[in-house]
Every structure is written in structure tokens, then in C-alpha cells.
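Data block for entry-v9.tsv (TSV, C-alpha atoms):
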chain	number	residue	atom	x	y	z
I	17	MET	CA	-134.64	47.83	-60.86
I	18	PHE	CA	-131.99	50.54	-60.40
I	19	VAL	CA	-128.97	51.25	-62.58
I	20	LEU	CA	-125.99	53.57	-62.35
I	21	VAL	CA	-125.75	56.06	-65.23
I	22	GLU	CA	-122.54	57.94	-66.02
I	23	MET	CA	-123.20	61.52	-67.08
I	24	VAL	CA	-121.29	64.70	-67.79
I	25	ASP	CA	-122.68	68.17	-67.29
I	26	THR	CA	-121.60	71.75	-66.69
I	27	VAL	CA	-122.85	72.94	-63.31
I	28	ARG	CA	-123.42	76.61	-62.59
I	29	ILE	CA	-122.79	77.72	-59.00
I	30	PRO	CA	-124.18	81.21	-58.27
I	31	PRO	CA	-121.93	83.50	-56.19
I	32	TRP	CA	-124.11	83.31	-53.10
I	33	ASN	CA	-123.19	79.62	-52.82
I	34	PHE	CA	-119.44	80.22	-52.95
I	35	GLN	CA	-119.14	79.76	-49.17
I	36	SER	CA	-119.96	76.04	-49.27
I	37	LYS	CA	-117.50	73.37	-50.38
I	38	LEU	CA	-117.47	72.90	-54.16
I	39	ASN	CA	-118.44	69.22	-53.94
I	40	GLU	CA	-121.45	69.96	-51.78
I	41	ALA	CA	-122.61	72.87	-53.92
I	42	ILE	CA	-122.30	70.70	-57.04
I	43	SER	CA	-124.16	67.76	-55.43
I	44	GLU	CA	-126.97	70.09	-54.43
I	45	GLU	CA	-127.24	71.58	-57.93
I	46	LEU	CA	-127.20	68.17	-59.62
I	47	ASN	CA	-129.90	66.82	-57.31
I	48	LYS	CA	-131.94	69.96	-57.85
I	49	LYS	CA	-131.70	69.45	-61.61
I	50	LEU	CA	-132.22	65.69	-61.90
I	51	ALA	CA	-133.92	64.15	-58.82
I	52	ASN	CA	-137.44	62.83	-59.52
I	53	LYS	CA	-137.13	63.75	-63.21
I	54	VAL	CA	-137.21	61.46	-66.24
I	55	VAL	CA	-134.31	61.65	-68.68
I	56	TYR	CA	-135.33	60.61	-72.20
I	57	ASN	CA	-134.30	57.02	-72.99
I	58	VAL	CA	-132.52	56.71	-69.63
I	59	GLY	CA	-135.13	56.46	-66.86
I	60	LEU	CA	-136.37	58.11	-63.68
I	61	CYS	CA	-133.46	59.76	-61.84
I	62	ILE	CA	-133.41	59.11	-58.10
I	63	CYS	CA	-130.30	60.68	-56.53
I	64	LEU	CA	-126.60	61.35	-57.04
I	65	TYR	CA	-124.35	58.34	-56.42
I	66	ASP	CA	-120.93	60.03	-56.60
I	67	ILE	CA	-118.82	62.56	-58.47
I	68	THR	CA	-116.05	60.87	-60.46
I	69	LYS	CA	-114.22	63.87	-61.90
I	70	LEU	CA	-114.25	67.62	-61.46
I	71	GLU	CA	-112.69	69.75	-64.14
I	72	ASP	CA	-111.53	73.34	-63.65
I	73	SER	CA	-114.11	75.97	-62.74
I	74	TYR	CA	-114.44	79.01	-65.00
I	75	ILE	CA	-116.09	82.39	-64.63
I	76	PHE	CA	-117.42	83.94	-67.84
I	77	PRO	CA	-117.71	87.62	-68.62
I	78	GLY	CA	-121.11	89.06	-67.70
I	79	ASP	CA	-122.00	86.23	-65.29
I	80	GLY	CA	-120.60	86.17	-61.75
I	81	ALA	CA	-121.30	82.45	-61.30
I	82	SER	CA	-118.71	79.70	-61.69
I	83	HIS	CA	-119.15	76.99	-64.29
I	84	THR	CA	-117.65	73.55	-63.67
I	85	LYS	CA	-117.69	70.50	-65.92
I	86	VAL	CA	-118.57	67.50	-63.75
I	87	HIS	CA	-118.40	63.76	-64.48
I	88	PHE	CA	-120.74	61.94	-62.12
I	89	ARG	CA	-122.82	58.82	-61.63
I	90	TYR	CA	-126.56	58.96	-60.92
I	91	VAL	CA	-128.91	56.31	-59.54
I	92	VAL	CA	-131.70	55.81	-62.08
I	93	PHE	CA	-134.83	53.68	-61.96
I	94	HIS	CA	-134.77	51.69	-65.19
I	95	PRO	CA	-135.98	48.08	-64.88
I	96	PHE	CA	-134.66	45.76	-67.57
I	97	LEU	CA	-136.97	43.91	-69.97
I	98	ASP	CA	-138.62	40.84	-68.41
I	99	GLU	CA	-137.71	41.93	-64.88
I	100	ILE	CA	-140.15	40.91	-62.13
I	101	LEU	CA	-141.44	43.82	-60.03
I	102	VAL	CA	-143.93	44.16	-57.18
I	103	GLY	CA	-146.30	47.13	-56.97
I	104	LYS	CA	-149.75	48.09	-55.68
I	105	ILE	CA	-152.92	48.40	-57.76
I	106	LYS	CA	-153.80	52.08	-58.08
I	107	TYR	CA	-157.09	51.65	-59.99
I	108	CYS	CA	-158.64	49.71	-62.89
I	109	SER	CA	-160.05	51.16	-66.09
I	110	GLN	CA	-161.03	49.97	-69.57
I	111	GLU	CA	-157.38	50.46	-70.60
I	112	GLY	CA	-156.25	47.90	-68.05
I	113	VAL	CA	-154.87	47.75	-64.53
I	114	HIS	CA	-152.88	50.78	-63.36
I	115	VAL	CA	-150.10	49.86	-60.94
I	116	THR	CA	-148.06	52.14	-58.72
I	117	MET	CA	-144.72	51.64	-56.98
I	118	ASP	CA	-145.02	54.72	-54.70
I	119	PHE	CA	-142.13	56.55	-56.36
I	120	PHE	CA	-143.23	55.59	-59.89
I	121	ASP	CA	-146.86	55.61	-61.01
I	122	ASP	CA	-147.07	55.11	-64.76
I	123	ILE	CA	-147.30	51.34	-64.97
I	124	LEU	CA	-150.09	49.80	-67.04
I	125	ILE	CA	-151.09	46.18	-67.50
I	126	PRO	CA	-153.29	46.04	-70.65
I	127	PRO	CA	-156.33	43.68	-70.69
I	128	GLU	CA	-154.70	41.16	-73.04
I	129	SER	CA	-151.78	40.69	-70.60
I	130	LEU	CA	-154.03	39.81	-67.64
I	131	GLN	CA	-154.53	36.23	-66.50
I	132	GLN	CA	-157.09	34.89	-68.99
I	133	PRO	CA	-160.07	34.76	-68.99
I	134	ALA	CA	-160.41	38.30	-67.58
I	135	LYS	CA	-163.53	40.44	-67.31
I	136	PHE	CA	-164.12	44.09	-66.45
I	137	ASP	CA	-166.83	44.67	-63.85
I	138	GLU	CA	-168.40	48.01	-64.89
I	139	ALA	CA	-170.31	48.49	-61.66
I	140	GLU	CA	-167.30	48.24	-59.39
I	141	GLN	CA	-164.77	49.43	-62.02
I	142	VAL	CA	-162.48	46.50	-61.32
I	143	TRP	CA	-160.88	43.77	-63.45
I	144	LEU	CA	-161.32	40.19	-62.35
I	145	TRP	CA	-159.86	36.81	-63.24
I	146	GLU	CA	-162.45	34.10	-63.96
I	147	TYR	CA	-160.46	31.27	-62.41
I	148	GLU	CA	-161.80	27.81	-63.29
I	149	THR	CA	-161.26	24.85	-61.01
I	150	ASP	CA	-163.01	21.46	-60.82
I	151	GLU	CA	-165.38	22.93	-58.24
I	152	GLY	CA	-166.52	25.75	-60.54
I	153	ALA	CA	-165.52	29.25	-61.52
I	154	HIS	CA	-164.10	31.66	-58.89
I	155	ASP	CA	-163.99	35.37	-59.65
I	156	LEU	CA	-160.71	36.76	-58.35
I	157	TYR	CA	-161.05	40.54	-58.03
I	158	MET	CA	-158.10	42.89	-58.58
I	159	ASP	CA	-158.92	45.40	-55.87
I	160	GLN	CA	-157.31	48.75	-55.21
I	161	GLY	CA	-154.31	48.68	-52.87
I	162	GLU	CA	-153.58	44.99	-53.42
I	163	GLU	CA	-149.94	44.03	-53.96
I	164	ILE	CA	-149.32	42.68	-57.43
I	165	ARG	CA	-146.31	40.92	-58.98
I	166	PHE	CA	-145.79	41.64	-62.70
I	167	ARG	CA	-143.20	41.24	-65.43
I	168	VAL	CA	-141.94	44.24	-67.45
I	169	ALA	CA	-143.07	43.64	-71.02
I	170	ASP	CA	-142.24	46.98	-72.61
I	171	GLU	CA	-141.19	50.54	-71.85
I	172	LEU	CA	-142.24	53.75	-73.55
I	173	PHE	CA	-140.26	56.98	-73.53
I	174	VAL	CA	-141.99	60.13	-74.78
I	175	ASP	CA	-140.05	63.31	-75.45
I	176	THR	CA	-142.02	65.96	-73.58
I	177	SER	CA	-139.75	68.87	-74.48
I	178	PRO	CA	-141.73	72.01	-75.30
I	179	THR	CA	-142.72	72.36	-78.95
I	180	GLY	CA	-142.65	75.57	-80.91
I	181	PRO	CA	-145.35	78.28	-80.60
I	182	ALA	CA	-147.07	77.35	-83.91
I	183	THR	CA	-148.80	74.18	-82.69
I	184	ALA	CA	-149.35	75.23	-79.08
I	185	ALA	CA	-152.13	77.80	-79.60
I	186	LYS	CA	-155.23	75.80	-80.62
I	187	GLU	CA	-154.56	72.20	-79.47
I	188	THR	CA	-155.37	71.34	-75.87
I	189	PRO	CA	-152.05	69.97	-74.65
I	190	LYS	CA	-152.48	66.26	-73.90
I	191	LYS	CA	-150.31	65.39	-70.92
I	192	GLU	CA	-148.48	62.17	-71.67
I	193	PRO	CA	-146.22	60.65	-69.03
I	194	PRO	CA	-142.58	60.82	-70.18
I	195	TYR	CA	-141.85	57.24	-69.09
I	196	THR	CA	-144.40	54.41	-69.05
I	197	LEU	CA	-143.94	50.74	-68.22
I	198	ILE	CA	-146.15	48.10	-69.82
I	199	GLY	CA	-146.46	44.99	-67.67
I	200	THR	CA	-147.89	41.50	-67.99
I	201	ILE	CA	-149.25	39.05	-65.44
I	202	CYS	CA	-150.09	36.30	-67.90
I	203	GLU	CA	-147.82	33.67	-66.29
I	204	PRO	CA	-148.06	31.28	-63.32
I	205	GLY	CA	-146.84	33.14	-60.25
I	206	LEU	CA	-147.77	36.60	-61.53
I	207	GLY	CA	-150.71	38.69	-60.39
I	208	LEU	CA	-151.92	39.45	-56.87
I	209	LEU	CA	-149.56	38.05	-54.23
I	210	SER	CA	-152.56	36.63	-52.37
I	211	TRP	CA	-153.40	34.37	-55.36
I	212	TRP	CA	-150.14	32.42	-55.03
I	213	ASN	CA	-149.40	32.44	-51.28
I	214	SER	CA	-150.36	28.96	-50.07
R	9	MET	CA	-125.84	67.41	-70.41
R	10	GLU	CA	-124.46	64.23	-71.90
R	11	VAL	CA	-125.10	60.63	-70.96
R	12	LYS	CA	-121.80	58.76	-71.20
R	13	ASN	CA	-123.11	55.32	-70.24
R	14	ALA	CA	-126.78	54.62	-69.63
R	15	ASN	CA	-126.02	51.24	-68.08
R	16	ALA	CA	-122.71	51.53	-66.22
R	17	ALA	CA	-123.72	49.18	-63.41
R	18	MET	CA	-126.72	47.43	-61.90
R	19	LEU	CA	-127.60	48.29	-58.31
R	20	SER	CA	-129.35	46.00	-55.86
R	21	ASN	CA	-132.32	47.37	-53.92
R	22	TYR	CA	-130.21	47.15	-50.75
R	23	GLU	CA	-127.53	49.47	-52.18
R	24	VAL	CA	-130.12	52.10	-53.13
R	25	PHE	CA	-131.87	51.68	-49.76
R	26	LYS	CA	-128.60	52.25	-47.89
R	27	LEU	CA	-127.65	55.23	-50.08
R	28	LEU	CA	-130.99	56.95	-49.52
R	29	THR	CA	-131.01	56.24	-45.76
R	30	ASP	CA	-127.49	57.72	-45.42
R	31	LEU	CA	-128.51	60.71	-47.54
R	32	LYS	CA	-131.55	61.29	-45.36
R	33	GLU	CA	-129.37	61.20	-42.21
R	34	LYS	CA	-126.88	63.70	-43.66
R	35	ARG	CA	-129.63	66.08	-44.73
R	36	LYS	CA	-131.33	65.86	-41.34
R	37	ASP	CA	-128.12	67.15	-39.73
R	38	SER	CA	-127.63	70.06	-42.13
R	39	GLY	CA	-131.20	71.23	-41.48
R	40	ARG	CA	-131.52	74.66	-43.01
R	41	ASN	CA	-131.60	74.27	-46.75
R	42	LYS	CA	-133.53	71.04	-47.23
R	43	HIS	CA	-136.87	72.85	-47.34
R	44	SER	CA	-135.88	75.23	-50.11
R	45	VAL	CA	-137.92	74.95	-53.29
R	46	GLY	CA	-135.15	73.28	-55.27
R	47	GLN	CA	-134.70	70.41	-52.80
R	48	GLN	CA	-138.39	69.43	-52.80
R	49	ASN	CA	-137.97	66.96	-55.65
R	50	LEU	CA	-135.12	65.18	-53.89
R	51	ASN	CA	-137.17	65.02	-50.68
R	52	THR	CA	-140.18	63.58	-52.49
R	53	ILE	CA	-138.31	60.90	-54.42
R	54	THR	CA	-136.23	59.92	-51.36
R	55	TYR	CA	-139.34	59.57	-49.18
R	56	GLU	CA	-141.34	57.61	-51.75
R	57	THR	CA	-138.49	55.29	-52.71
R	58	LEU	CA	-137.66	54.55	-49.05
R	59	LYS	CA	-141.35	53.93	-48.39
R	60	HIS	CA	-141.44	51.38	-51.20
R	61	LEU	CA	-138.13	49.70	-50.38
R	62	SER	CA	-138.78	49.37	-46.64
R	63	ASN	CA	-141.53	46.87	-47.46
R	64	THR	CA	-139.14	44.65	-49.41
R	65	PRO	CA	-136.52	42.12	-48.21
R	66	CYS	CA	-133.69	44.59	-48.93
R	67	SER	CA	-134.47	46.55	-45.75
R	68	ARG	CA	-133.24	43.59	-43.68
R	69	GLN	CA	-130.00	43.01	-45.62
R	70	SER	CA	-126.40	44.06	-44.95
R	71	PRO	CA	-123.20	44.06	-47.05
R	72	GLU	CA	-122.08	40.79	-45.36
R	73	ILE	CA	-125.38	39.08	-46.14
R	74	VAL	CA	-125.19	40.17	-49.78
R	75	LYS	CA	-121.60	38.95	-50.08
R	76	GLU	CA	-122.45	35.59	-48.48
R	77	PHE	CA	-125.45	35.21	-50.78
R	78	LEU	CA	-123.45	35.88	-53.94
R	79	THR	CA	-120.64	33.50	-52.88
R	80	THR	CA	-123.14	30.72	-52.19
R	81	MET	CA	-124.85	31.36	-55.53
R	82	MET	CA	-121.66	30.91	-57.57
R	83	PRO	CA	-121.92	27.14	-58.25
R	84	HIS	CA	-125.49	27.47	-59.61
R	85	LYS	CA	-124.25	29.40	-62.67
R	86	LEU	CA	-127.01	31.99	-62.73
R	87	THR	CA	-126.74	35.22	-64.70
R	88	LYS	CA	-126.16	38.54	-62.91
R	89	ALA	CA	-129.73	39.64	-63.57
R	90	GLU	CA	-131.13	36.39	-62.13
R	91	LYS	CA	-129.03	36.62	-58.95
R	92	LEU	CA	-130.08	40.26	-58.58
R	93	GLN	CA	-133.77	39.36	-58.78
R	94	LEU	CA	-133.34	36.55	-56.23
R	95	LEU	CA	-131.58	39.01	-53.90
R	96	ASN	CA	-134.24	41.68	-54.32
R	97	HIS	CA	-137.32	39.47	-54.04
R	98	ARG	CA	-136.30	36.59	-51.71
R	99	PRO	CA	-138.53	33.98	-53.46
R	100	GLN	CA	-139.96	31.29	-51.20
R	101	THR	CA	-141.69	29.04	-53.74
R	102	ALA	CA	-140.61	27.12	-56.82
R	103	VAL	CA	-143.08	29.13	-58.95
R	104	GLU	CA	-141.31	32.39	-58.05
R	105	ILE	CA	-137.90	30.90	-58.86
R	106	GLN	CA	-139.19	29.78	-62.26
R	107	LEU	CA	-140.31	33.35	-62.97
R	108	MET	CA	-136.91	34.82	-62.19
R	109	VAL	CA	-134.62	32.17	-63.66
R	110	GLU	CA	-134.92	31.79	-67.42
R	111	GLU	CA	-135.52	28.25	-68.71
R	112	SER	CA	-135.37	26.95	-65.17
R	113	GLU	CA	-136.88	23.56	-66.12
R	114	GLU	CA	-133.91	22.86	-68.41
R	115	ARG	CA	-131.14	24.38	-66.29
R	116	LEU	CA	-132.19	23.34	-62.78
R	117	SER	CA	-133.49	20.04	-61.47
R	118	GLU	CA	-136.21	19.93	-58.79
R	119	GLU	CA	-133.64	19.29	-56.05
R	120	GLN	CA	-131.59	22.26	-57.20
R	121	ILE	CA	-134.68	24.50	-57.07
R	122	GLU	CA	-135.40	23.25	-53.54
R	123	GLU	CA	-131.76	23.90	-52.66
R	124	LEU	CA	-132.06	27.46	-54.03
R	125	ILE	CA	-135.19	28.11	-51.98
R	126	GLN	CA	-133.43	26.78	-48.87
R	127	THR	CA	-130.30	28.92	-49.49
R	128	VAL	CA	-132.37	32.05	-50.08
R	129	SER	CA	-134.41	31.37	-46.96
R	130	ASP	CA	-131.30	30.72	-44.83
R	131	ILE	CA	-129.05	33.55	-45.92
R	132	LEU	CA	-131.50	36.38	-46.64
R	133	PRO	CA	-133.43	37.51	-43.55
R	134	GLY	CA	-137.20	37.26	-43.91
R	135	ASP	CA	-140.14	39.25	-42.61
R	136	PRO	CA	-140.22	38.81	-38.80
R	137	GLU	CA	-144.06	39.01	-38.80
R	138	GLN	CA	-144.35	36.06	-41.16
R	139	GLN	CA	-141.77	34.08	-39.20
R	140	ASN	CA	-143.65	34.60	-35.94
R	141	VAL	CA	-146.76	32.98	-37.41
R	142	ALA	CA	-144.97	29.72	-38.37
R	143	PRO	CA	-143.52	28.77	-34.94
R	144	ALA	CA	-146.88	29.49	-33.27
R	145	GLU	CA	-148.59	27.03	-35.62
R	146	ALA	CA	-145.89	24.42	-34.91
R	147	GLU	CA	-146.57	24.76	-31.16
R	148	MET	CA	-150.29	24.22	-31.73
R	149	ASP	CA	-149.58	21.04	-33.73
R	150	GLU	CA	-147.32	19.63	-31.03
R	151	GLY	CA	-149.98	20.31	-28.37
R	152	GLY	CA	-152.56	18.38	-30.46
R	153	GLU	CA	-150.32	15.31	-30.84
R	154	GLN	CA	-149.42	15.08	-27.16
R	155	SER	CA	-153.01	15.05	-25.95

Rewritten as C-alpha cells:
Amino acid sequence: MFVLVEMVDTVRIPPWNFQSKLNEAISEELNKKLANKVVYNVGLCICLYDITKLEDSYIFPGDGASHTKVHFRYVVFHPFLDEILVGKIKYCSQEGVHVTMDFFDDILIPPESLQQPAKFDEAEQVWLWEYETDEGAHDLYMDQGEEIRFRVADELFVDTSPTGPATAAKETPKKEPPYTLIGTICEPGLGLLSWWNS
Amino acid sequence: MEVKNANAAMLSNYEVFKLLTDLKEKRKDSGRNKHSVGQQNLNTITYETLKHLSNTPCSRQSPEIVKEFLTTMMPHKLTKAEKLQLLNHRPQTAVEIQLMVEESEERLSEEQIEELIQTVSDILPGDPEQQNVAPAEAEMDEGGEQS
């Protein structure tokens, strides 16, 4: 679920932070910059793991702050393909089942990846699994808040850097999440935990 | 900013859980600056991640348990990713093991899967609430047989 990513960056420490130890000031700045943010093609950054190398600090003309090149490792949420994860159902819609993992919300299980045959109940806005046994068909509802086990089928990174002024004016900006996970529960053992606990 | 290695190492849920718990303790002591605007993101992600991880088996693990688990897993010849998933999820049924271990029907016999479930159950601590239910049921059974 979590990986360690090695990064290099130049950290700017403003003069009013010169009283604290360099390592602490740098850790604070790095966490301020990266925590809870998605880095394109890397994942959701959680927190700083450690600083591996500190190069010399420089002060440039016109700016009283110090600039230090830092090599560090950051804890990043980036599940590998086919990894099994457990989350909670946030809500269901025509697009599929939306799953949340508290710290990460943009997980979608599309209708074709649900346990088949699946049906969408319009009245209650919930997906259900039409489970057939010898006794007859049971409708297993995928209710909000239920814990669900799924496999990571795909990931989608979107570059949400600001575009130029030309396009911005007339189009209503469509907010796309920078990092989306596509899941599947189309295998024995996947789906609501309550379905498989004997 | 430059990314030197997007996949330098894999971390188990326990390692991240411990890191965030230690970070929270350190920040509690320093006190003054954790409420500043810049630190809000770190606070949010730490709180949410700890909330999620405390409901998983990793909250009951320790470095010794992880080391013992990995040593016991060596003869089964599982890949790093498979061992990591077993450590993070603590599967209790054969179905769960088959999800996490690729081609488990070809690589593991039924006894080996049972052995894996037993090892996981023995070495990795489970949910105390679930474990309290099982002994109570055993006592009820014994009472029925005696009378």
C-alpha cells in the first residue's frame, strides 16, 4: 500500500525560521509542501520518512532566505497493480461503487467489475448482487459504510497543473481528482467482508 | 523538485503506523506551531491514515512479530509483495490466501494453505473482540455435552 520515494528538492527557509535546527526547519517545510498532496505519476504523499543528504545552504542576492538542496525519502500511498485493499463504501451511483479509505477517497469500482449479476436499485441508490443459490436468488445490498475488500485493477493520474489563461475564461473548470484508483470485486473472496465471513 | 526513485522500497502498514504514531507524539510535545496554516495538511493526513490503520491488524504488530513472521515465511517461497499482503491483512480463510498469492492452486497444496493460515493466526495477533467470541462459544458447547 505504501512505498518509499526518493526525491531531491531545494528548500527555502525564511529568515524568521533561522532559530530552529536546520533539519527540523527543512522537515517542516517539506511536510508543508508535500503532505496530503498527489505528485503526478508517484502517488499520494503522506509524510517525510527521513533526510538522506543535506547539501550546502546558500543565500542569494535580493532574498534573505537560505536555500538548501535536500535529498530525502517520503512515504507515499501508491498501491501496486492487483493489490488487495480494504475500504468502506462511500456511496453508489450509476458510475459504480465509490469506496473510501479515510485518507484516500477517489476509488471507483465500475459496474462491470462488480460480482455478476449486479443490479442498480434506483429507489435506494444502491448496487446489489443477485446471488443465486439452490434455494433461490438473494439480493445482497452494497450499503453505505460497509467494509469492502477489492483488488486494484487500474490507476489514473491526471495532471491538474493550471493551464494558460486562453482556455480558462469560458469553460467551467471540471474538477477531476489527480489520482484515481479503479477496483474490481469480480473474484471469490472480494466484495463486502460480511459476504465471506462464515 | 525531482523524483529520483519512485519505488525505492515497499513499506508495511505497521511501519507507516509506527512512523505516524511517533510523529504525532513528537508534535504533541512541541505544541505551538502545529496549528499553523501550513501544518494543517500534515495533521489531516496523519489523523485520517492513523484512523484507517488502527482498524487493521498492523496496529497490533511489533518489529519482533514482523521479523518472526518473515523468518517463518521463508520456506514457502512467496514473493515480497505476497508476504507483504499476508502481513497487512492477516487472512484467516483459504479464499483470502488465494486472492493474495498468485497461482496458489499450482504453487501450494491444501495442507500448505492450511499451514499458512495457522502460521498467520499464530504469529500475527488478531482482533481481541473476535477472539473473545470464540472461547465463549466453546464454553457453551462444553456445557451442552456435559448435561

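For the set I:Phe34, I:Tyr107, I:Phe119, I:Trp212, the residue with the smallest atom-to-atom gap to chain R is I:Phe119, counting only C-alpha atoms.
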
Discussion item. I'd like the contact shell of Leu124 of chain R - 10 Å cut-off, all atoms listed in the file, skipping same-chain residues fewer than 6 positions apart - returned as a PyMOL selection string.
Written reply: chain R and resi 80-81+84+94+99-102+105+116+118+130

Worksheet item: What is the atom CA of Thr196 of chain I to atom CA of Phe173 of chain I distance in Å?
Response: 6.6 Å

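Checking I:Asp118, I:Leu97, I:Trp32, I:Lys37 one by one against Lys59 of chain R, counting only C-alpha atoms, you find the shortest gap at I:Asp118.
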
Can you list every residue of chain I that has an atom at most 7 Å from chain R, with its nearest atom pair and the distance in Å to one decimal, using all atoms listed in the file, ordered by chain then number, as a Markdown table?
| residue | atom | partner | partner_atom | distance |
| --- | --- | --- | --- | --- |
| I:Phe18 | CA | R:Leu19 | CA | 5.4 |
| I:Val19 | CA | R:Met18 | CA | 4.5 |
| I:Leu20 | CA | R:Ala17 | CA | 5.1 |
| I:Val21 | CA | R:Ala14 | CA | 4.7 |
| I:Glu22 | CA | R:Asn13 | CA | 5.0 |
| I:Met23 | CA | R:Val11 | CA | 4.4 |
| I:Val24 | CA | R:Glu10 | CA | 5.2 |
| I:Asp25 | CA | R:Met9 | CA | 4.5 |
| I:Asn47 | CA | R:Leu50 | CA | 6.5 |
| I:Lys48 | CA | R:Gly46 | CA | 5.3 |
| I:Ala51 | CA | R:Leu50 | CA | 5.2 |
| I:Asn52 | CA | R:Ile53 | CA | 5.5 |
| I:Val58 | CA | R:Ala14 | CA | 6.1 |
| I:Ile62 | CA | R:Ile53 | CA | 6.4 |
| I:Ile100 | CA | R:Met108 | CA | 6.9 |
| I:Met117 | CA | R:His60 | CA | 6.7 |
| I:Asp118 | CA | R:Glu56 | CA | 5.5 |
| I:Phe119 | CA | R:Glu56 | CA | 4.8 |
| I:Pro204 | CA | R:Val103 | CA | 7.0 |
| I:Gly205 | CA | R:Val103 | CA | 5.6 |

Worksheet item: Near segment 124-128 of chain I, counting only C-alpha atoms, which residues have an atom at most 7 Å away, once you skip same-chain residues fewer than 6 positions from it, shown as a PyMOL selection string?
Response: chain I and resi 111-115+197-200
